[in-house]
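J.: Structure: run_19.cif, mmCIF, C-alpha atoms and all ligand atoms.
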```cif
data_my_file
#
loop_
_atom_site.label_atom_id
_atom_site.label_comp_id
_atom_site.auth_asym_id
_atom_site.auth_seq_id
_atom_site.Cartn_x
_atom_site.Cartn_y
_atom_site.Cartn_z
CA MET B 1 43.29 13.22 -48.23
CA GLU B 2 39.88 14.70 -47.46
CA GLU B 3 39.66 18.42 -48.07
CA LEU B 4 38.96 20.42 -44.92
CA ASN B 5 36.19 22.97 -44.99
CA ILE B 6 38.09 25.96 -43.71
CA SER B 7 36.09 28.80 -45.23
CA LYS B 8 35.96 31.79 -42.91
CA GLU B 9 33.52 34.62 -42.48
CA ILE B 10 34.69 37.97 -43.81
CA LYS B 11 33.63 40.74 -41.44
CA ILE B 12 32.06 43.82 -42.92
CA HIS B 13 32.29 47.10 -41.03
CA ASN B 14 29.11 48.95 -40.12
CA LYS B 15 30.20 52.01 -42.12
CA ASP B 16 30.78 49.93 -45.26
CA MET B 17 28.34 49.95 -48.15
CA ILE B 18 28.92 47.34 -50.84
CA VAL B 19 27.48 48.51 -54.14
CA SER B 20 27.08 46.92 -57.54
CA SER B 21 24.92 47.42 -60.62
CA THR B 22 23.86 44.99 -63.31
CA ASP B 23 22.22 45.18 -66.68
CA LYS B 24 18.74 43.73 -67.11
CA GLN B 25 20.18 40.22 -67.50
CA GLY B 26 22.14 40.38 -64.22
CA ASN B 27 25.60 40.99 -65.71
CA ILE B 28 27.76 43.24 -63.56
CA ILE B 29 28.30 46.72 -65.00
CA TYR B 30 29.53 48.53 -61.88
CA VAL B 31 31.15 47.64 -58.54
CA ASN B 32 32.50 50.00 -55.87
CA ASP B 33 35.92 49.57 -54.21
CA ILE B 34 34.45 47.95 -51.07
CA PHE B 35 32.78 45.29 -53.23
CA CYS B 36 36.16 44.39 -54.77
CA GLU B 37 37.90 44.49 -51.40
CA VAL B 38 35.37 42.25 -49.62
CA ALA B 39 34.82 39.78 -52.47
CA GLY B 40 38.55 39.65 -53.23
CA TYR B 41 38.24 40.32 -56.95
CA LYS B 42 39.86 42.95 -59.13
CA ARG B 43 37.29 45.20 -60.80
CA GLU B 44 38.17 43.89 -64.26
CA GLU B 45 37.48 40.33 -63.10
CA LEU B 46 33.91 41.34 -62.22
CA ILE B 47 32.73 43.71 -64.93
CA GLY B 48 30.78 41.82 -67.57
CA GLN B 49 30.41 38.69 -65.40
CA PRO B 50 26.99 37.36 -64.29
CA HIS B 51 26.30 38.43 -60.70
CA ASN B 52 26.12 34.81 -59.59
CA ILE B 53 29.94 34.97 -59.58
CA VAL B 54 29.57 35.66 -55.84
CA ARG B 55 26.67 33.21 -55.30
CA HIS B 56 27.19 30.97 -52.28
CA CYS B 57 25.99 27.36 -52.48
CA ASP B 58 24.20 27.75 -49.09
CA MET B 59 21.78 30.26 -50.63
CA PRO B 60 18.30 28.93 -51.42
CA LYS B 61 17.15 29.44 -55.02
CA VAL B 62 13.87 30.89 -53.79
CA ILE B 63 15.50 34.08 -52.53
CA PHE B 64 16.83 34.93 -56.00
CA TYR B 65 13.54 33.88 -57.56
CA PHE B 66 11.74 36.35 -55.28
CA LEU B 67 14.39 39.01 -55.90
CA TRP B 68 14.12 38.80 -59.69
CA GLN B 69 10.31 38.59 -59.64
CA SER B 70 10.19 41.79 -57.59
CA ILE B 71 12.74 43.89 -59.44
CA LEU B 72 11.49 42.95 -62.90
CA LYS B 73 8.09 44.27 -61.78
CA GLY B 74 9.84 47.53 -60.87
CA GLU B 75 9.72 46.92 -57.11
CA ILE B 76 12.56 47.35 -54.64
CA VAL B 77 13.47 44.36 -52.53
CA TYR B 78 15.46 43.64 -49.38
CA ALA B 79 17.09 40.28 -48.78
CA PHE B 80 19.66 38.69 -46.50
CA VAL B 81 22.33 37.14 -48.71
CA LYS B 82 25.35 34.97 -47.99
CA ASN B 83 28.00 35.60 -50.65
CA ARG B 84 31.15 33.75 -51.61
CA ALA B 85 34.44 35.60 -52.00
CA LYS B 86 37.03 34.60 -54.60
CA ASN B 87 39.11 32.65 -52.03
CA GLY B 88 36.06 30.62 -50.85
CA ASP B 89 35.40 32.66 -47.69
CA PHE B 90 31.93 34.07 -47.19
CA TYR B 91 30.22 37.27 -46.06
CA TRP B 92 26.65 38.08 -45.05
CA VAL B 93 24.86 41.17 -46.31
CA LYS B 94 21.48 42.76 -46.10
CA ALA B 95 20.93 43.74 -49.71
CA TYR B 96 18.63 46.42 -51.01
CA VAL B 97 18.09 45.98 -54.74
CA LYS B 98 16.33 48.52 -56.88
CA PRO B 99 15.51 48.92 -60.54
CA ILE B 100 16.77 52.06 -62.28
CA VAL B 101 14.07 53.40 -64.58
CA LYS B 102 14.68 55.73 -67.54
CA ASN B 103 11.84 57.02 -69.70
CA GLY B 104 9.48 54.59 -68.01
CA GLU B 105 11.67 51.55 -68.72
CA ILE B 106 13.91 49.55 -66.43
CA VAL B 107 17.46 49.96 -67.71
CA GLN B 108 19.55 48.42 -64.93
CA PHE B 109 19.54 47.29 -61.31
CA THR B 110 21.60 48.49 -58.37
CA SER B 111 22.21 46.77 -55.07
CA TYR B 112 23.37 48.45 -51.85
CA ARG B 113 24.54 46.11 -49.09
CA LYS B 114 25.15 46.56 -45.39
CA PRO B 115 26.37 44.06 -42.76
CA VAL B 116 23.92 41.79 -40.93
CA ASN B 117 23.64 41.65 -37.13
CA ASN B 118 24.53 38.35 -35.43
CA PHE B 119 20.96 37.60 -34.34
CA ALA B 120 19.60 37.88 -37.89
CA LYS B 121 22.57 35.98 -39.30
CA LYS B 122 21.95 32.99 -37.04
CA TYR B 123 18.21 33.08 -37.67
CA ILE B 124 18.53 33.39 -41.46
CA ASP B 125 21.31 30.80 -41.63
CA ASP B 126 18.98 28.25 -39.98
CA LEU B 127 16.00 29.26 -42.12
CA TYR B 128 18.01 29.06 -45.37
CA LYS B 129 19.14 25.52 -44.44
CA VAL B 130 15.46 24.57 -44.16
CA LEU B 131 14.71 26.21 -47.53
CA VAL B 132 17.65 24.54 -49.30
CA ASP B 133 16.43 21.21 -47.94
CA TYR B 134 12.84 21.91 -49.02
CA GLU B 135 14.05 22.80 -52.52
CA LYS B 136 15.54 19.33 -52.93
CA THR B 137 12.02 17.90 -53.26
CA HIS B 138 9.93 20.95 -54.27
CA SER B 139 9.78 23.42 -57.10
CA VAL B 140 10.93 26.98 -56.54
CA GLU B 141 7.28 28.13 -56.78
CA ASP B 142 6.27 25.73 -54.00
CA THR B 143 9.25 26.79 -51.91
CA PHE B 144 8.13 30.37 -52.35
CA LYS B 145 4.63 29.46 -51.04
CA PHE B 146 6.29 27.68 -48.13
CA LEU B 147 8.35 30.79 -47.33
CA VAL B 148 5.33 33.11 -47.55
CA LYS B 149 3.36 30.86 -45.18
CA TYR B 150 6.34 30.58 -42.83
CA ILE B 151 6.43 34.36 -42.49
CA GLU B 152 2.63 34.76 -42.31
CA ASP B 153 2.53 32.15 -39.54
CA ARG B 154 4.61 34.55 -37.49
CA GLY B 155 2.03 37.26 -37.94
CA LEU B 156 4.30 39.29 -40.19
CA ASN B 157 4.63 40.27 -43.82
CA TYR B 158 7.95 39.97 -45.66
CA GLN B 159 9.03 43.55 -44.97
CA GLN B 160 8.13 43.34 -41.27
CA PHE B 161 10.06 40.07 -41.12
CA ILE B 162 13.17 41.72 -42.60
CA ASP B 163 12.73 44.84 -40.43
CA ARG B 164 12.41 42.91 -37.18
CA LEU B 165 15.48 40.80 -37.92
CA SER B 166 17.42 43.92 -38.95
CA LEU B 167 16.68 45.35 -35.50
CA GLY B 168 17.81 42.07 -33.90
CA LYS B 169 14.24 41.36 -32.77
CA SER B 170 12.59 37.97 -32.55
CA VAL B 171 10.19 36.98 -35.31
CA ASP B 172 8.60 34.19 -33.32
CA LEU B 173 5.48 35.27 -31.47
CA SER B 174 6.05 32.86 -28.60
CA ASN B 175 9.53 34.38 -28.18
CA ILE B 176 8.32 37.96 -28.48
CA ILE B 177 5.86 37.33 -25.65
CA ASP B 178 7.04 35.30 -22.70
CA THR B 179 3.58 34.39 -21.35
CA VAL B 180 4.86 32.65 -18.21
CA LYS B 181 6.99 35.61 -17.20
CA TYR B 182 4.17 38.13 -17.68
CA LYS B 183 1.58 35.94 -15.97
CA ASN B 184 3.85 35.49 -12.95
CA ALA B 185 4.56 39.22 -12.90
CA HIS B 186 0.81 39.89 -12.60
CA ILE B 187 0.34 37.31 -9.85
CA ILE B 188 3.29 38.71 -7.89
CA TYR B 189 1.94 42.22 -8.41
CA LYS B 190 -1.48 41.18 -7.07
CA TYR B 191 0.12 39.75 -3.89
CA HIS B 192 2.23 42.85 -3.51
CA ILE B 193 -0.98 44.97 -3.46
CA ILE B 194 -2.80 42.57 -1.10
CA ASP B 195 0.16 42.60 1.31
CA ALA B 196 0.37 46.37 1.21
CA VAL B 197 -3.35 46.66 2.06
CA LYS B 198 -3.03 44.03 4.83
CA ASN B 199 -0.23 46.10 6.32
CA GLY B 200 -2.55 49.09 6.41
CA ASN B 201 -1.07 50.84 3.38
CA THR B 202 -4.11 51.85 1.35
CA GLN B 203 -2.14 54.62 -0.38
CA VAL B 204 -0.30 51.98 -2.41
CA LYS B 205 0.04 53.02 -6.06
CA VAL B 206 -1.73 50.77 -8.52
CA THR B 207 -0.24 51.03 -11.99
CA THR B 208 -2.56 51.41 -14.97
CA CYS B 209 -2.53 48.79 -17.72
CA LYS B 210 -0.49 51.16 -19.88
CA GLU B 211 2.18 51.64 -17.23
CA CYS B 212 2.89 47.95 -16.66
CA GLU B 213 5.64 46.21 -18.66
CA PHE B 214 3.19 43.88 -20.35
CA GLY B 215 0.92 46.78 -21.33
CA LYS B 216 3.89 48.69 -22.76
CA MET B 217 4.87 45.68 -24.82
CA CYS B 218 1.30 45.29 -26.11
CA GLU B 219 1.33 48.92 -27.16
CA GLU B 220 4.61 48.46 -29.02
CA LEU B 221 3.15 45.51 -30.91
CA GLU B 222 0.06 47.45 -31.96
CA GLY B 223 -0.15 47.38 -35.76
CA GLU B 224 1.27 43.87 -36.11
CA PRO B 225 -1.24 41.74 -38.02
CA PHE B 226 -2.03 39.43 -35.07
CA THR B 227 -3.25 42.41 -33.02
CA LEU B 228 -6.33 42.42 -35.29
CA MET B 229 -7.42 39.05 -33.88
CA PRO B 230 -10.49 39.18 -31.58
CA GLN B 231 -8.55 37.20 -28.95
CA TRP B 232 -5.91 39.94 -28.87
CA LYS B 233 -8.56 42.62 -28.36
CA SER B 234 -10.26 40.53 -25.66
CA MET B 235 -6.86 40.07 -24.00
CA LEU B 236 -6.35 43.86 -23.87
CA LYS B 237 -9.79 44.31 -22.24
CA HIS B 238 -9.04 41.73 -19.56
CA HIS B 239 -5.69 43.32 -18.91
CA GLU B 240 -7.30 46.73 -18.49
CA HIS B 241 -9.83 45.14 -16.14
CA VAL B 242 -7.14 43.54 -13.98
CA HIS B 243 -5.49 46.87 -13.29
CA ALA B 244 -8.80 48.69 -12.81
CA SER B 245 -10.09 45.99 -10.41
CA LEU B 246 -6.92 46.18 -8.33
CA GLY B 247 -7.40 49.95 -8.14
CA GLU B 248 -10.99 49.42 -6.96
CA TYR B 249 -9.79 46.88 -4.40
CA VAL B 250 -7.41 49.42 -2.92
CA SER B 251 -10.04 52.15 -2.84
CA LEU B 252 -12.57 49.77 -1.21
CA ALA B 253 -9.95 48.86 1.39
CA HIS B 254 -9.34 52.56 1.93
CA ASN B 255 -13.07 52.97 2.62
CA LYS B 256 -12.94 49.99 4.95
CA ALA B 257 -15.36 47.88 2.91
CA ASP B 258 -16.20 44.43 4.26
CA SER B 259 -13.96 41.49 3.48
CA MET B 260 -16.52 39.79 1.17
CA LEU B 261 -16.54 42.79 -1.14
CA LEU B 262 -12.75 42.92 -1.11
CA GLN B 263 -12.50 39.23 -1.88
CA ASP B 264 -14.95 39.67 -4.79
CA LYS B 265 -12.62 42.20 -6.40
CA LEU B 266 -9.64 39.89 -6.02
CA ASP B 267 -11.58 37.01 -7.58
CA ILE B 268 -12.27 39.21 -10.60
CA VAL B 269 -8.57 40.02 -10.85
CA LEU B 270 -7.76 36.33 -10.77
CA SER B 271 -10.26 35.29 -13.46
CA ASP B 272 -9.26 38.23 -15.68
CA THR B 273 -5.59 37.29 -15.33
CA GLU B 274 -6.42 33.75 -16.46
CA MET B 275 -8.37 35.15 -19.41
CA ILE B 276 -5.51 37.44 -20.50
CA PHE B 277 -3.16 34.54 -20.86
CA ASP B 278 -5.73 32.12 -22.30
CA ASN B 279 -6.44 34.68 -25.05
CA LEU B 280 -2.75 35.26 -25.60
CA ILE B 281 -1.97 31.57 -25.94
CA GLU B 282 -4.76 31.28 -28.51
CA VAL B 283 -3.17 34.11 -30.52
CA ILE B 284 0.26 32.49 -30.31
CA ASP B 285 -1.06 29.02 -31.19
CA SER B 286 -2.91 30.27 -34.24
CA TYR B 287 0.39 31.68 -35.54
CA LYS B 288 2.27 28.44 -35.01
CA GLY B 289 0.12 26.88 -37.72
C1 LIG Y 1 21.65 44.32 -58.71
C2 LIG Y 1 21.77 42.87 -58.39
C3 LIG Y 1 22.63 42.44 -57.41
C4 LIG Y 1 22.77 41.10 -57.10
N1 LIG Y 1 23.63 40.73 -56.10
C5 LIG Y 1 23.81 39.43 -55.83
C6 LIG Y 1 24.74 39.03 -54.83
O1 LIG Y 1 25.35 39.83 -54.15
N2 LIG Y 1 24.89 37.71 -54.63
C7 LIG Y 1 24.22 36.75 -55.35
O2 LIG Y 1 24.43 35.57 -55.10
N3 LIG Y 1 23.32 37.12 -56.28
C8 LIG Y 1 23.10 38.42 -56.53
N4 LIG Y 1 22.20 38.78 -57.48
C9 LIG Y 1 21.37 37.74 -58.12
C10 LIG Y 1 22.07 37.04 -59.25
O3 LIG Y 1 21.79 37.76 -60.43
C11 LIG Y 1 21.56 35.60 -59.41
O4 LIG Y 1 20.17 35.59 -59.59
C12 LIG Y 1 21.91 34.72 -58.20
O5 LIG Y 1 23.27 34.79 -57.89
C13 LIG Y 1 21.52 33.26 -58.47
O6 LIG Y 1 22.21 32.77 -59.54
P1 LIG Y 1 21.82 31.43 -60.30
O7 LIG Y 1 20.34 31.51 -60.57
O8 LIG Y 1 22.64 31.43 -61.53
O9 LIG Y 1 22.13 30.33 -59.36
C14 LIG Y 1 22.03 40.13 -57.82
C15 LIG Y 1 21.15 40.55 -58.82
C16 LIG Y 1 21.02 41.90 -59.10
C17 LIG Y 1 20.07 42.33 -60.18
#
```
Can you dump the structure from the file as structure tokens?
Ligand SMILES: Cc1cc2nc3c(=O)[nH]c(=O)nc-3n(C[C@H](O)[C@H](O)[C@H](O)COP(=O)(O)O)c2cc1C

T.:
Amino acid sequence: MEELNISKEIKIHNKDMIVSSTDKQGNIIYVNDIFCEVAGYKREELIGQPHNIVRHCDMPKVIFYFLWQSILKGEIVYAFVKNRAKNGDFYWVKAYVKPIVKNGEIVQFTSYRKPVNNFAKKYIDDLYKVLVDYEKTHSVEDTFKFLVKYIEDRGLNYQQFIDRLSLGKSVDLSNIIDTVKYKNAHIIYKYHIIDAVKNGNTQVKVTTCKECEFGKMCEELEGEPFTLMPQWKSMLKHHEHVHASLGEYVSLAHNKADSMLLQDKLDIVLSDTEMIFDNLIEVIDSYKG
């Protein structure tokens, strides 16, 4: 009879911290009680064993390659890891692994693990499947290059990638920025202002580019690598211009300027709006690779 795959996910509580230490070769020298509880082993079954005792077959080799490369250089490293408990069930952790240095020499490694949010779990689960598949036909070094490019293509470095997922945030630029939604919001906003003016309300408040939702999002993203692109900077200028031009339109209407002048301002708003989203799509496309 075919064996059913009935492995279940072991839930880890937010307050839990799973800790273990290894010697320089990766043999376990310390585990805390939560480690034993979650992995389902007695302490004496773990001490002295290689840490791959909890390795899950769904984990790509490249993650451990990167982990060991980093810690042997004396660096700390974060990684999302799926582990296998003694009974075959699995649990996801965000691991922080650090070398312990004494008299300038690495003497052991310690890992502290916390649970992973559902968004990151789903994202990483899918990504790891791709990596495991890639590893079937590529060396671990090539898989590492593939992973680095994958993350760079999203305009992030490894730490930003881990940080965003840890906060449950998207790591895909086209998901971070819903261009259609923001473009429509600006068009609707323009008509809202035109209608207000048509109805004689020239006191209508025009928001600045920093007050609008799109502007706030752009500000939050400031510092991400893709914000250094010239198209991103051009996009910000056009956005600023859209809001300023709408403000001028309202003040011209207030001063009862002729309709040609008013229409001119609205044409500028329209072409700037197009430019904002053309620039933005260029930024997004360049990160899709
Ligand atoms: C401090 C420390 C903690 C580790 N924790 C885990 C872990 O929780 N799960 C795991 O699969 N590997 C962990 N590893 C990595 C293992 O040593 C090993 O590289 C990995 O399981 C892959 O094993 P393999 O190369 O024999 O397939 C840890 C390594 C260190 C130094």

J.: Considering all atoms listed in the file, can you say which of B:Gln69, B:Asn103, B:Ser21, B:Ser7 comes closest to ligand LIG 1 (chain Y)?

T.: B:Ser21

J.: Do you have the atom CA of His238 of chain B-atom CA of Ile176 of chain B distance handy?

T.: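 One can read the atom CA of His238 of chain B to atom CA of Ile176 of chain B distance as 19.9 Å.
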
J.: Tell me which of B:Ile12, B:Val38, B:Leu127, B:Ile193 sits closest to Met59 of chain B, counting only C-alpha atoms.

T.: B:Leu127

J.: Could you list, as a PyMOL selection string, all residues that come within 6 Å of ligand LIG 1 (chain Y)? Count only C-alpha atoms and all ligand atoms.

T.: chain B and resi 21-22+26+51-52+54-55+64+83+97+109-111

J.: Tell me, in Å to one decimal, how far atom CA of Asp58 of chain B is from atom CA of Lys11 of chain B.

T.: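 The value is 17.8 Å.
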
J.: Nearest to Thr273 of chain B among B:Ile187, B:Ile124, B:Leu252, B:Leu221, with distances taken over all atoms listed in the file: which residue is it?

T.: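 Among the listed residues, the smallest separation from Thr273 of chain B belongs to B:Ile187.
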
J.: Rank nothing, just name the residue among B:His56, B:Leu236, B:Ile194, B:Arg43 nearest to Glu222 of chain B, using all atoms listed in the file.

T.: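 With all atoms listed in the file as the atom set, the closest residue is B:Leu236.
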
J.: Neighbouring residues of segment 277-283 of chain B were defined as those with any atom within 8 Å, considering all atoms listed in the file; residues of the same chain fewer than 3 positions away were excluded. Please report them as a count of residues only.

T.: 12

J.: Go through segment 138-212 of chain B and flag each residue having an atom no more than 8 Å from segment 240-249 of chain B; for those, report the closest pair of atoms plus their distance in Å to one decimal, using only C-alpha atoms, ordered by chain and rising number, as CSV.

T.:
```
residue,atom,partner,partner_atom,distance
B:Lys190,CA,B:Leu246,CA,7.5
B:Ile193,CA,B:Leu246,CA,7.8
B:Val206,CA,B:Gly247,CA,5.7
B:Thr207,CA,B:His243,CA,6.8
B:Thr208,CA,B:His243,CA,5.7
B:Cys209,CA,B:Glu240,CA,5.3
```

J.: Would you mind telling me which residue in B:Val93, B:Cys36, B:Val81, B:Ile76 lies nearest to Asn14 of chain B when using only C-alpha atoms?

T.: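 Checking each candidate against Asn14 of chain B, we get B:Val93 as the closest.
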
J.: Measuring between all atoms listed in the file, which one of B:Ala85, B:Val31, B:Ile10, B:Ala79 shows the shortest distance to Ile53 of chain B?

T.: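 Of all the options, B:Ala85 lies closest to Ile53 of chain B.
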
J.: Kindly give the distance, in Å, that separates atom CA of Pro99 of chain B and atom CA of Glu75 of chain B, rounded to a single decimal.

T.: 7.0 Å

J.: Taking 6 positions as the minimum chain separation for residues in the same chain, which residues sit within 10 Å of His13 of chain B when counting all atoms listed in the file? Answer as a PyMOL selection string.

T.: chain B and resi 114-116

J.: Need the axis-aligned box for segment 131-149 of chain B with 5 Å each side, so what are the centre and edges in Å to one decimal, as JSON?

T.:
```
{"center_x": 10.5, "center_y": 25.5, "center_z": -51.1, "size_x": 24.3, "size_y": 25.2, "size_z": 21.9}
```

J.: Tell me, as a ChimeraX atom specification, which residues lie within 12 Å of Asp133 of chain B, counting all atoms listed in the file; anything in the same chain fewer than 3 positions away does not count.

T.: /B:58-62,126-130,136-140,143

J.: I need segment 217-252 of chain B written out with C-alpha atoms, as a PDB file, in the first residue's frame; please produce it.

T.:
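The file below, selection_29.pdb, is the result:
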```
ATOM      1  CA  MET B 217       4.167  55.315  -0.233  1.00  0.00           C
ATOM      2  CA  CYS B 218       7.015  56.799  -2.298  1.00  0.00           C
ATOM      3  CA  GLU B 219       8.412  58.375   0.843  1.00  0.00           C
ATOM      4  CA  GLU B 220       8.270  55.061   2.688  1.00  0.00           C
ATOM      5  CA  LEU B 221      10.190  53.382  -0.124  1.00  0.00           C
ATOM      6  CA  GLU B 222      12.929  56.019  -0.092  1.00  0.00           C
ATOM      7  CA  GLY B 223      16.256  54.265   0.489  1.00  0.00           C
ATOM      8  CA  GLU B 224      15.333  51.130  -1.464  1.00  0.00           C
ATOM      9  CA  PRO B 225      17.925  50.612  -4.211  1.00  0.00           C
ATOM     10  CA  PHE B 226      15.475  51.224  -7.088  1.00  0.00           C
ATOM     11  CA  THR B 227      14.784  54.751  -5.792  1.00  0.00           C
ATOM     12  CA  LEU B 228      18.268  55.665  -7.068  1.00  0.00           C
ATOM     13  CA  MET B 229      17.136  55.110 -10.657  1.00  0.00           C
ATOM     14  CA  PRO B 230      16.753  58.311 -12.749  1.00  0.00           C
ATOM     15  CA  GLN B 231      13.246  57.182 -13.763  1.00  0.00           C
ATOM     16  CA  TRP B 232      12.242  57.072 -10.100  1.00  0.00           C
ATOM     17  CA  LYS B 233      13.526  60.605  -9.538  1.00  0.00           C
ATOM     18  CA  SER B 234      11.792  61.823 -12.703  1.00  0.00           C
ATOM     19  CA  MET B 235       8.594  60.139 -11.496  1.00  0.00           C
ATOM     20  CA  LEU B 236       8.771  62.066  -8.191  1.00  0.00           C
ATOM     21  CA  LYS B 237       9.189  65.367 -10.089  1.00  0.00           C
ATOM     22  CA  HIS B 238       6.156  64.693 -12.276  1.00  0.00           C
ATOM     23  CA  HIS B 239       4.143  63.736  -9.239  1.00  0.00           C
ATOM     24  CA  GLU B 240       5.086  66.965  -7.492  1.00  0.00           C
ATOM     25  CA  HIS B 241       4.139  68.849 -10.660  1.00  0.00           C
ATOM     26  CA  VAL B 242       0.710  67.207 -10.863  1.00  0.00           C
ATOM     27  CA  HIS B 243      -0.236  68.396  -7.398  1.00  0.00           C
ATOM     28  CA  ALA B 244       1.295  71.852  -7.895  1.00  0.00           C
ATOM     29  CA  SER B 245      -0.481  72.293 -11.261  1.00  0.00           C
ATOM     30  CA  LEU B 246      -3.827  71.339  -9.745  1.00  0.00           C
ATOM     31  CA  GLY B 247      -3.204  73.935  -7.022  1.00  0.00           C
ATOM     32  CA  GLU B 248      -2.475  76.551  -9.703  1.00  0.00           C
ATOM     33  CA  TYR B 249      -5.620  75.533 -11.579  1.00  0.00           C
ATOM     34  CA  VAL B 250      -7.721  76.169  -8.490  1.00  0.00           C
ATOM     35  CA  SER B 251      -6.070  79.512  -7.800  1.00  0.00           C
ATOM     36  CA  LEU B 252      -6.520  80.579 -11.456  1.00  0.00           C
TER      37      LEU B 252
END
```
